[in-house]
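K.L.:
I'm passing along entry.cif; it holds mmCIF, C-alpha atoms.
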data_run
#
loop_
_atom_site.label_atom_id
_atom_site.label_comp_id
_atom_site.auth_asym_id
_atom_site.auth_seq_id
_atom_site.Cartn_x
_atom_site.Cartn_y
_atom_site.Cartn_z
CA MET A 264 -15.44 42.48 -85.82
CA THR A 265 -13.18 39.44 -86.09
CA ALA A 266 -11.48 40.70 -89.25
CA GLU A 267 -10.16 43.72 -87.38
CA ILE A 268 -8.34 41.70 -84.72
CA SER A 269 -4.57 41.86 -84.97
CA LEU A 270 -1.85 40.12 -82.96
CA ARG A 271 1.55 41.44 -81.94
CA GLU A 272 4.26 40.99 -79.34
CA ILE A 273 4.44 43.42 -76.42
CA GLY A 274 7.08 44.25 -73.82
CA ALA A 275 6.80 44.75 -70.07
CA ASP A 276 5.85 48.40 -70.62
CA GLU A 277 2.48 47.40 -72.12
CA PHE A 278 1.58 44.62 -69.69
CA GLY A 279 -0.71 47.04 -67.87
CA ARG A 280 -3.14 46.64 -70.79
CA VAL A 281 -3.27 42.87 -70.16
CA TRP A 282 -3.55 43.16 -66.40
CA PRO A 283 -7.29 44.04 -66.07
CA PHE A 284 -8.53 40.76 -67.55
CA PHE A 285 -5.49 38.77 -66.35
CA ARG A 286 -6.38 39.81 -62.81
CA GLU A 287 -10.06 39.01 -63.34
CA VAL A 288 -9.28 35.53 -64.72
CA ILE A 289 -6.99 34.50 -61.86
CA ALA A 290 -9.26 36.05 -59.20
CA ARG A 291 -11.96 33.53 -60.15
CA GLY A 292 -9.67 30.68 -59.07
CA ASP A 293 -11.17 28.19 -61.50
CA THR A 294 -8.64 27.95 -64.36
CA TYR A 295 -5.14 29.03 -63.29
CA SER A 296 -2.97 27.86 -60.42
CA TYR A 297 -1.60 31.41 -60.00
CA PRO A 298 -2.50 32.81 -56.56
CA PRO A 299 -5.85 34.61 -57.00
CA ASP A 300 -4.27 37.69 -55.36
CA LEU A 301 -1.07 37.65 -57.45
CA GLY A 302 0.47 41.12 -57.73
CA PHE A 303 0.99 43.11 -60.91
CA GLU A 304 4.79 43.10 -60.78
CA GLN A 305 5.03 39.34 -60.36
CA ALA A 306 2.54 38.69 -63.17
CA GLN A 307 4.35 41.17 -65.39
CA ALA A 308 7.71 39.48 -64.75
CA MET A 309 6.35 35.98 -65.35
CA TRP A 310 4.75 36.97 -68.64
CA THR A 311 7.27 39.41 -70.12
CA ALA A 312 10.75 38.76 -68.66
CA PRO A 313 12.95 36.76 -71.06
CA PRO A 314 12.89 33.98 -72.04
CA ALA A 315 9.11 34.50 -71.67
CA ARG A 316 7.45 36.49 -74.47
CA CYS A 317 3.99 38.06 -74.38
CA PHE A 318 1.64 38.57 -77.34
CA VAL A 319 -1.72 40.34 -77.44
CA ALA A 320 -4.80 40.26 -79.65
CA GLU A 321 -6.33 43.70 -80.07
CA ALA A 322 -9.08 45.45 -81.98
CA ASP A 323 -9.82 49.17 -82.12
CA GLY A 324 -6.94 49.76 -79.71
CA GLU A 325 -8.43 47.45 -77.07
CA VAL A 326 -6.56 44.35 -75.84
CA LEU A 327 -8.94 41.36 -75.94
CA GLY A 328 -6.60 38.55 -74.98
CA ALA A 329 -2.96 37.62 -74.46
CA TYR A 330 -0.63 34.68 -74.37
CA ARG A 331 2.76 33.83 -72.94
CA LEU A 332 5.29 31.76 -74.90
CA ALA A 333 8.41 30.34 -73.24
CA PRO A 334 10.58 27.23 -73.17
CA ASN A 335 8.93 24.64 -70.94
CA GLN A 336 12.28 23.52 -69.53
CA ILE A 337 15.74 25.03 -69.57
CA GLY A 338 18.62 23.14 -71.18
CA LEU A 339 18.02 19.72 -72.74
CA GLY A 340 14.25 20.14 -72.76
CA ASP A 341 14.13 23.64 -74.22
CA HIS A 342 12.96 22.44 -77.64
CA VAL A 343 9.46 22.11 -76.10
CA ALA A 344 7.53 25.36 -75.75
CA ASN A 345 4.99 26.26 -73.10
CA GLY A 346 1.94 28.41 -73.79
CA SER A 347 -0.47 30.20 -71.43
CA TYR A 348 -3.56 32.10 -72.58
CA MET A 349 -5.94 34.69 -71.13
CA VAL A 350 -9.07 36.09 -72.76
CA SER A 351 -11.15 38.99 -71.50
CA SER A 352 -14.56 37.76 -70.33
CA ALA A 353 -16.06 40.72 -72.23
CA VAL A 354 -15.22 39.06 -75.56
CA ARG A 355 -15.95 35.40 -74.84
CA GLY A 356 -17.30 33.38 -77.75
CA ARG A 357 -15.60 35.44 -80.46
CA GLY A 358 -12.86 32.91 -81.11
CA ILE A 359 -10.09 34.93 -79.46
CA GLY A 360 -8.74 31.79 -77.74
CA SER A 361 -8.42 30.05 -81.09
CA LEU A 362 -6.69 33.05 -82.66
CA LEU A 363 -4.23 33.22 -79.78
CA CYS A 364 -3.55 29.47 -79.93
CA GLU A 365 -2.94 29.42 -83.70
CA HIS A 366 -0.68 32.46 -83.45
CA SER A 367 1.29 30.87 -80.61
CA LEU A 368 1.81 27.67 -82.61
CA ASP A 369 3.15 29.72 -85.53
CA GLU A 370 5.40 31.80 -83.28
CA ALA A 371 6.67 28.67 -81.54
CA ARG A 372 7.56 27.08 -84.88
CA ARG A 373 9.21 30.30 -86.00
CA ALA A 374 11.27 30.35 -82.80
CA GLY A 375 12.46 26.81 -83.54
CA PHE A 376 10.46 24.82 -80.99
CA ALA A 377 9.64 21.21 -81.94
CA ALA A 378 6.60 20.74 -79.68
CA MET A 379 4.34 22.57 -77.24
CA GLN A 380 3.24 21.49 -73.76
CA PHE A 381 0.64 22.73 -71.28
CA ASN A 382 1.58 21.66 -67.77
CA PHE A 383 -1.61 22.35 -65.90
CA VAL A 384 -4.96 22.44 -67.72
CA VAL A 385 -7.74 22.32 -65.13
CA SER A 386 -9.88 19.27 -65.99
CA THR A 387 -13.16 21.01 -65.18
CA ASN A 388 -12.30 23.80 -67.65
CA THR A 389 -13.86 21.70 -70.40
CA GLY A 390 -14.09 24.59 -72.85
CA ALA A 391 -10.33 25.01 -72.76
CA VAL A 392 -9.65 21.26 -72.92
CA LYS A 393 -11.81 20.94 -76.05
CA LEU A 394 -10.29 24.05 -77.58
CA TRP A 395 -6.76 22.70 -77.17
CA GLN A 396 -7.83 19.31 -78.53
CA ARG A 397 -9.26 21.05 -81.62
CA HIS A 398 -5.85 22.66 -82.04
CA GLY A 399 -4.03 19.33 -82.03
CA PHE A 400 -3.18 18.89 -78.36
CA GLN A 401 -3.61 15.55 -76.63
CA ILE A 402 -3.98 14.81 -72.94
CA VAL A 403 -0.72 13.00 -72.15
CA GLY A 404 -1.01 13.05 -68.37
CA THR A 405 -3.44 13.46 -65.49
CA LEU A 406 -2.42 15.00 -62.15
CA PRO A 407 -4.86 13.71 -59.51
CA LYS A 408 -6.53 16.49 -57.52
CA ALA A 409 -3.61 18.81 -58.28
CA PHE A 410 -5.75 21.96 -58.51
CA ARG A 411 -7.73 23.50 -55.65
CA HIS A 412 -10.74 24.85 -57.55
CA ALA A 413 -12.34 27.86 -55.80
CA GLN A 414 -15.84 26.34 -56.04
CA LEU A 415 -15.29 22.61 -56.61
CA GLY A 416 -12.37 21.88 -54.30
CA PRO A 417 -9.54 19.57 -55.42
CA VAL A 418 -9.89 18.54 -59.08
CA ASP A 419 -7.55 16.90 -61.60
CA ALA A 420 -5.28 18.84 -63.92
CA TYR A 421 -4.13 17.62 -67.33
CA VAL A 422 -0.78 17.75 -69.07
CA MET A 423 -1.42 18.41 -72.78
CA PHE A 424 1.09 18.13 -75.62
CA ARG A 425 1.48 18.36 -79.36
CA GLN A 426 4.31 18.23 -81.87
CA LEU A 427 4.77 21.31 -84.07
CA MET B 1132 28.51 2.40 -43.57
CA THR B 1133 24.79 2.99 -44.11
CA ALA B 1134 24.08 3.38 -40.42
CA GLU B 1135 26.36 6.41 -40.26
CA ILE B 1136 24.50 8.35 -42.95
CA SER B 1137 22.57 11.33 -41.65
CA LEU B 1138 20.30 13.79 -43.40
CA ARG B 1139 19.82 17.49 -42.75
CA GLU B 1140 18.74 20.70 -44.40
CA ILE B 1141 21.39 23.11 -45.70
CA GLY B 1142 21.36 26.73 -46.80
CA ALA B 1143 22.92 28.45 -49.79
CA ASP B 1144 26.21 28.79 -47.88
CA GLU B 1145 26.79 25.01 -47.99
CA PHE B 1146 25.70 24.37 -51.58
CA GLY B 1147 29.37 24.28 -52.60
CA ARG B 1148 29.52 20.84 -50.99
CA VAL B 1149 26.74 19.61 -53.30
CA TRP B 1150 28.14 21.23 -56.43
CA PRO B 1151 30.94 18.71 -57.31
CA PHE B 1152 28.55 15.81 -57.91
CA PHE B 1153 25.66 18.06 -59.04
CA ARG B 1154 27.94 19.39 -61.77
CA GLU B 1155 29.10 15.90 -62.69
CA VAL B 1156 25.51 14.58 -62.94
CA ILE B 1157 24.24 17.37 -65.21
CA ALA B 1158 27.42 17.36 -67.34
CA ARG B 1159 26.57 13.80 -68.44
CA GLY B 1160 23.36 15.08 -70.06
CA ASP B 1161 21.50 11.81 -69.58
CA THR B 1162 19.20 12.42 -66.60
CA TYR B 1163 18.50 16.15 -66.05
CA SER B 1164 17.19 18.79 -68.43
CA TYR B 1165 19.42 21.40 -66.75
CA PRO B 1166 21.96 22.80 -69.24
CA PRO B 1167 25.06 20.58 -68.94
CA ASP B 1168 27.15 23.75 -68.47
CA LEU B 1169 24.84 25.33 -65.85
CA GLY B 1170 26.73 27.73 -63.59
CA PHE B 1171 27.19 27.41 -59.83
CA GLU B 1172 25.20 30.53 -58.92
CA GLN B 1173 22.16 29.52 -60.95
CA ALA B 1174 22.20 25.97 -59.57
CA GLN B 1175 22.63 27.32 -56.04
CA ALA B 1176 19.66 29.67 -56.46
CA MET B 1177 17.41 26.99 -57.96
CA TRP B 1178 18.16 24.56 -55.15
CA THR B 1179 18.38 26.80 -52.09
CA ALA B 1180 16.41 30.02 -52.68
CA PRO B 1181 12.97 29.95 -50.99
CA PRO B 1182 10.53 28.40 -51.50
CA ALA B 1183 13.05 25.72 -52.58
CA ARG B 1184 14.75 23.84 -49.74
CA CYS B 1185 17.87 21.70 -50.03
CA PHE B 1186 18.73 18.63 -47.94
CA VAL B 1187 21.89 16.53 -47.93
CA ALA B 1188 22.87 13.01 -46.95
CA GLU B 1189 26.31 12.87 -45.41
CA ALA B 1190 28.68 10.42 -43.74
CA ASP B 1191 32.00 11.16 -42.07
CA GLY B 1192 31.60 14.81 -43.05
CA GLU B 1193 31.26 14.00 -46.75
CA VAL B 1194 28.12 14.89 -48.72
CA LEU B 1195 26.96 11.82 -50.67
CA GLY B 1196 23.73 13.09 -52.17
CA ALA B 1197 21.19 15.90 -52.03
CA TYR B 1198 17.61 16.72 -52.85
CA ARG B 1199 15.53 19.79 -53.55
CA LEU B 1200 12.00 20.14 -52.16
CA ALA B 1201 9.64 22.89 -53.37
CA PRO B 1202 6.02 23.51 -54.30
CA ASN B 1203 5.42 22.25 -57.83
CA GLN B 1204 3.12 25.18 -58.62
CA ILE B 1205 2.49 28.50 -56.95
CA GLY B 1206 -0.99 29.36 -55.70
CA LEU B 1207 -3.83 26.88 -56.13
CA GLY B 1208 -1.49 24.00 -56.94
CA ASP B 1209 0.98 24.52 -54.11
CA HIS B 1210 -0.30 21.54 -52.10
CA VAL B 1211 1.70 19.32 -54.48
CA ALA B 1212 5.43 19.15 -53.81
CA ASN B 1213 8.22 18.69 -56.31
CA GLY B 1214 11.38 16.70 -55.56
CA SER B 1215 14.73 16.54 -57.37
CA TYR B 1216 17.58 14.25 -56.37
CA MET B 1217 21.32 13.97 -57.03
CA VAL B 1218 23.66 11.21 -55.84
CA SER B 1219 27.43 11.22 -56.12
CA SER B 1220 28.59 8.56 -58.60
CA ALA B 1221 31.23 7.57 -56.03
CA VAL B 1222 28.55 6.08 -53.76
CA ARG B 1223 26.20 4.44 -56.25
CA GLY B 1224 24.50 1.26 -55.12
CA ARG B 1225 24.51 2.15 -51.42
CA GLY B 1226 20.85 3.11 -51.31
CA ILE B 1227 21.45 6.84 -51.02
CA GLY B 1228 18.69 7.58 -53.55
CA SER B 1229 16.20 5.61 -51.45
CA LEU B 1230 17.26 7.40 -48.28
CA LEU B 1231 16.88 10.78 -49.96
CA CYS B 1232 13.48 9.85 -51.37
CA GLU B 1233 12.08 8.57 -48.07
CA HIS B 1234 13.39 11.62 -46.25
CA SER B 1235 11.85 13.94 -48.85
CA LEU B 1236 8.46 12.24 -48.51
CA ASP B 1237 8.61 12.71 -44.73
CA GLU B 1238 9.68 16.35 -45.05
CA ALA B 1239 6.97 17.02 -47.64
CA ARG B 1240 4.31 15.57 -45.31
CA ARG B 1241 5.72 17.59 -42.41
CA ALA B 1242 5.54 20.75 -44.54
CA GLY B 1243 1.87 20.03 -45.23
CA PHE B 1244 2.02 18.88 -48.84
CA ALA B 1245 -0.70 16.42 -49.95
CA ALA B 1246 1.15 14.86 -52.90
CA MET B 1247 4.48 14.85 -54.71
CA GLN B 1248 5.14 15.18 -58.43
CA PHE B 1249 8.18 14.72 -60.65
CA ASN B 1250 7.78 16.70 -63.88
CA PHE B 1251 10.54 15.28 -65.98
CA VAL B 1252 11.89 11.77 -65.32
CA VAL B 1253 13.96 10.69 -68.31
CA SER B 1254 12.42 7.44 -69.58
CA THR B 1255 15.79 5.83 -70.35
CA ASN B 1256 16.90 6.40 -66.74
CA THR B 1257 15.28 3.09 -65.82
CA GLY B 1258 17.08 2.83 -62.48
CA ALA B 1259 15.43 6.06 -61.34
CA VAL B 1260 12.01 5.14 -62.76
CA LYS B 1261 12.06 1.82 -60.87
CA LEU B 1262 13.34 3.51 -57.71
CA TRP B 1263 10.48 6.04 -57.72
CA GLN B 1264 7.97 3.28 -58.44
CA ARG B 1265 9.27 1.34 -55.42
CA HIS B 1266 8.64 4.48 -53.38
CA GLY B 1267 5.02 4.70 -54.46
CA PHE B 1268 5.21 6.93 -57.53
CA GLN B 1269 3.23 6.13 -60.65
CA ILE B 1270 3.84 7.28 -64.20
CA VAL B 1271 0.87 9.59 -64.82
CA GLY B 1272 2.08 11.14 -68.07
CA THR B 1273 4.49 10.66 -70.96
CA LEU B 1274 6.09 13.61 -72.78
CA PRO B 1275 7.07 12.39 -76.27
CA LYS B 1276 10.74 13.03 -77.10
CA ALA B 1277 10.82 15.89 -74.60
CA PHE B 1278 14.44 15.23 -73.52
CA ARG B 1279 17.51 15.55 -75.75
CA HIS B 1280 19.68 12.75 -74.34
CA ALA B 1281 23.39 13.40 -74.86
CA GLN B 1282 23.98 9.90 -76.30
CA LEU B 1283 20.54 8.69 -77.42
CA GLY B 1284 19.03 11.84 -78.90
CA PRO B 1285 15.38 12.73 -78.26
CA VAL B 1286 13.73 10.37 -75.75
CA ASP B 1287 10.48 10.47 -73.77
CA ALA B 1288 10.20 11.93 -70.28
CA TYR B 1289 7.70 10.81 -67.66
CA VAL B 1290 5.55 12.75 -65.23
CA MET B 1291 5.40 10.77 -61.96
CA PHE B 1292 3.07 11.34 -59.02
CA ARG B 1293 2.05 10.02 -55.64
CA GLN B 1294 -0.26 11.07 -52.82
CA LEU B 1295 1.39 11.56 -49.41
#
Once you've parsed the file, please lay out its structure as structure tokens.

P.N.:
Amino acid sequence: MTAEISLREIGADEFGRVWPFFREVIARGDTYSYPPDLGFEQAQAMWTAPPARCFVAEADGEVLGAYRLAPNQIGLGDHVANGSYMVSSAVRGRGIGSLLCEHSLDEARRAGFAAMQFNFVVSTNTGAVKLWQRHGFQIVGTLPKAFRHAQLGPVDAYVMFRQL
Amino acid sequence: MTAEISLREIGADEFGRVWPFFREVIARGDTYSYPPDLGFEQAQAMWTAPPARCFVAEADGEVLGAYRLAPNQIGLGDHVANGSYMVSSAVRGRGIGSLLCEHSLDEARRAGFAAMQFNFVVSTNTGAVKLWQRHGFQIVGTLPKAFRHAQLGPVDAYVMFRQL
């Protein structure tokens, strides 16, 4: 299956194909700070309105995962990119997160970014933390109890960073 | 003079009184990541459009400094506040930054926030770093060369944090 997965950029008009698993991921309240009941229009704007860009991984016409690429700051910090990633729970364990991450690093380099930063990686999301570390990110900061985990209550969030 | 300084919240309609020194601060390109040529309307929106709130310190009808208070994340991270501060260069050394900071901590507590975070304190702005440390903030993260300083080139930025 993995060989058939392709990645491409989408516009706002296709965000509806991302929304089913996006909504499912944030509804769990264990990995993203987005409000668990965030609406479609707000999610669509955050992920597709410039300067944000949205990319999807798909196979057999089905969208399996997506990421958002944007400058992490405006102005004198806009050489550092920010990435956000969502994978459909139906395809966990197939390396979609890795594919998305590698693609985002390439796209960030192509767009001229010098580094990439994640502002808010939930510390208890150990799968994600290890995945980003395998892709060259380091924990450069710890935000004490900055995330209200739906099951665990307040837990730390990490700032992660790598040069490109 | 200090005894005459008062602090209050303003709306978008009064942001024009903040703009002269706001513009001067960002034009220097040594402390804020905002584009040095940021326009009035964008600055006004970022500092006064809800959920952001803007407060000013004034004396004898003159605005000496201002700060922005807002949630640092939406959703499950919105118990952590974010603060941004600007002081007119004409009144440096009169403790306006300290007054603004103390007031912002009180307002953040009053609004129900549990902590406050600064996402991007320029490491070479040692006066500000020491000021925030005196007010209970700790450096919890370092972003390597994340700020393009107008004179010094790429320098580190700090993430600073304190419980309330």

K.L.:
A:Arg316, A:Arg397, A:His412, A:Arg271: which is nearest chain B, counting all atoms listed in the file?

P.N.:
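The answer is A:His412, which sits nearest to chain B.
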
K.L.:
Since I can't run it myself right now, could you work out what the PyMOL selection byres ((chain A and resi 358-373) around 10) selects here and report it as a PyMOL selection string?

P.N.:
chain A and resi 265+268-271+317-321+327-334+342-351+354-357+374-379+391+394-395+397-398+425-427

K.L.:
Only C-alpha atoms, please: the residues just picked out, written as an mmCIF file, keeping the file's coordinate frame.

P.N.:
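Written out: result_19.cif:
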data_model
loop_
_atom_site.group_PDB
_atom_site.id
_atom_site.type_symbol
_atom_site.label_atom_id
_atom_site.label_comp_id
_atom_site.auth_asym_id
_atom_site.auth_seq_id
_atom_site.Cartn_x
_atom_site.Cartn_y
_atom_site.Cartn_z
ATOM 1 C CA THR A 265 -13.180 39.440 -86.090
ATOM 2 C CA ILE A 268 -8.340 41.700 -84.720
ATOM 3 C CA SER A 269 -4.570 41.860 -84.970
ATOM 4 C CA LEU A 270 -1.850 40.120 -82.960
ATOM 5 C CA ARG A 271 1.550 41.440 -81.940
ATOM 6 C CA CYS A 317 3.990 38.060 -74.380
ATOM 7 C CA PHE A 318 1.640 38.570 -77.340
ATOM 8 C CA VAL A 319 -1.720 40.340 -77.440
ATOM 9 C CA ALA A 320 -4.800 40.260 -79.650
ATOM 10 C CA GLU A 321 -6.330 43.700 -80.070
ATOM 11 C CA LEU A 327 -8.940 41.360 -75.940
ATOM 12 C CA GLY A 328 -6.600 38.550 -74.980
ATOM 13 C CA ALA A 329 -2.960 37.620 -74.460
ATOM 14 C CA TYR A 330 -0.630 34.680 -74.370
ATOM 15 C CA ARG A 331 2.760 33.830 -72.940
ATOM 16 C CA LEU A 332 5.290 31.760 -74.900
ATOM 17 C CA ALA A 333 8.410 30.340 -73.240
ATOM 18 C CA PRO A 334 10.580 27.230 -73.170
ATOM 19 C CA HIS A 342 12.960 22.440 -77.640
ATOM 20 C CA VAL A 343 9.460 22.110 -76.100
ATOM 21 C CA ALA A 344 7.530 25.360 -75.750
ATOM 22 C CA ASN A 345 4.990 26.260 -73.100
ATOM 23 C CA GLY A 346 1.940 28.410 -73.790
ATOM 24 C CA SER A 347 -0.470 30.200 -71.430
ATOM 25 C CA TYR A 348 -3.560 32.100 -72.580
ATOM 26 C CA MET A 349 -5.940 34.690 -71.130
ATOM 27 C CA VAL A 350 -9.070 36.090 -72.760
ATOM 28 C CA SER A 351 -11.150 38.990 -71.500
ATOM 29 C CA VAL A 354 -15.220 39.060 -75.560
ATOM 30 C CA ARG A 355 -15.950 35.400 -74.840
ATOM 31 C CA GLY A 356 -17.300 33.380 -77.750
ATOM 32 C CA ARG A 357 -15.600 35.440 -80.460
ATOM 33 C CA ALA A 374 11.270 30.350 -82.800
ATOM 34 C CA GLY A 375 12.460 26.810 -83.540
ATOM 35 C CA PHE A 376 10.460 24.820 -80.990
ATOM 36 C CA ALA A 377 9.640 21.210 -81.940
ATOM 37 C CA ALA A 378 6.600 20.740 -79.680
ATOM 38 C CA MET A 379 4.340 22.570 -77.240
ATOM 39 C CA ALA A 391 -10.330 25.010 -72.760
ATOM 40 C CA LEU A 394 -10.290 24.050 -77.580
ATOM 41 C CA TRP A 395 -6.760 22.700 -77.170
ATOM 42 C CA ARG A 397 -9.260 21.050 -81.620
ATOM 43 C CA HIS A 398 -5.850 22.660 -82.040
ATOM 44 C CA ARG A 425 1.480 18.360 -79.360
ATOM 45 C CA GLN A 426 4.310 18.230 -81.870
ATOM 46 C CA LEU A 427 4.770 21.310 -84.070
#

K.L.:
Which one of A:Asp293, A:Glu304, A:Glu277, A:Asp323 sits closest to chain B if you count only C-alpha atoms?

P.N.:
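Once distances to chain B are computed over only C-alpha atoms, the minimum belongs to A:Asp293.
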
K.L.:
What is the atom CA of A:Gly390-atom CA of A:Pro407 distance in Å, reported with one decimal?

P.N.:
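Calculated distance between atom CA of A:Gly390 and atom CA of A:Pro407 is 19.5 Å.
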
K.L.:
Could you tell me which residues the PyMOL selection byres ((chain A) within 7 of (chain B)) grabs in this file, written as a list in words?

P.N.:
Ser296, Tyr297, Pro298, Gln336, Ile337, Gly338, Leu339, Gly340, Val343, Val403, Gly404, Thr405, Leu406, Ala409, Phe410 and Arg411 of chain A

K.L.:
How far is it from atom CA of A:Ala308 to atom CA of A:Arg291, in Å with one decimal?

P.N.:
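Interatomic distance here is 21.1 Å.
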
K.L.:
Can you work out the spacing between atom CA of A:Val281 and atom CA of A:Val418 in Å, to one decimal?

P.N.:
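About the pair atom CA of A:Val281 and atom CA of A:Val418: they are 27.5 Å apart.
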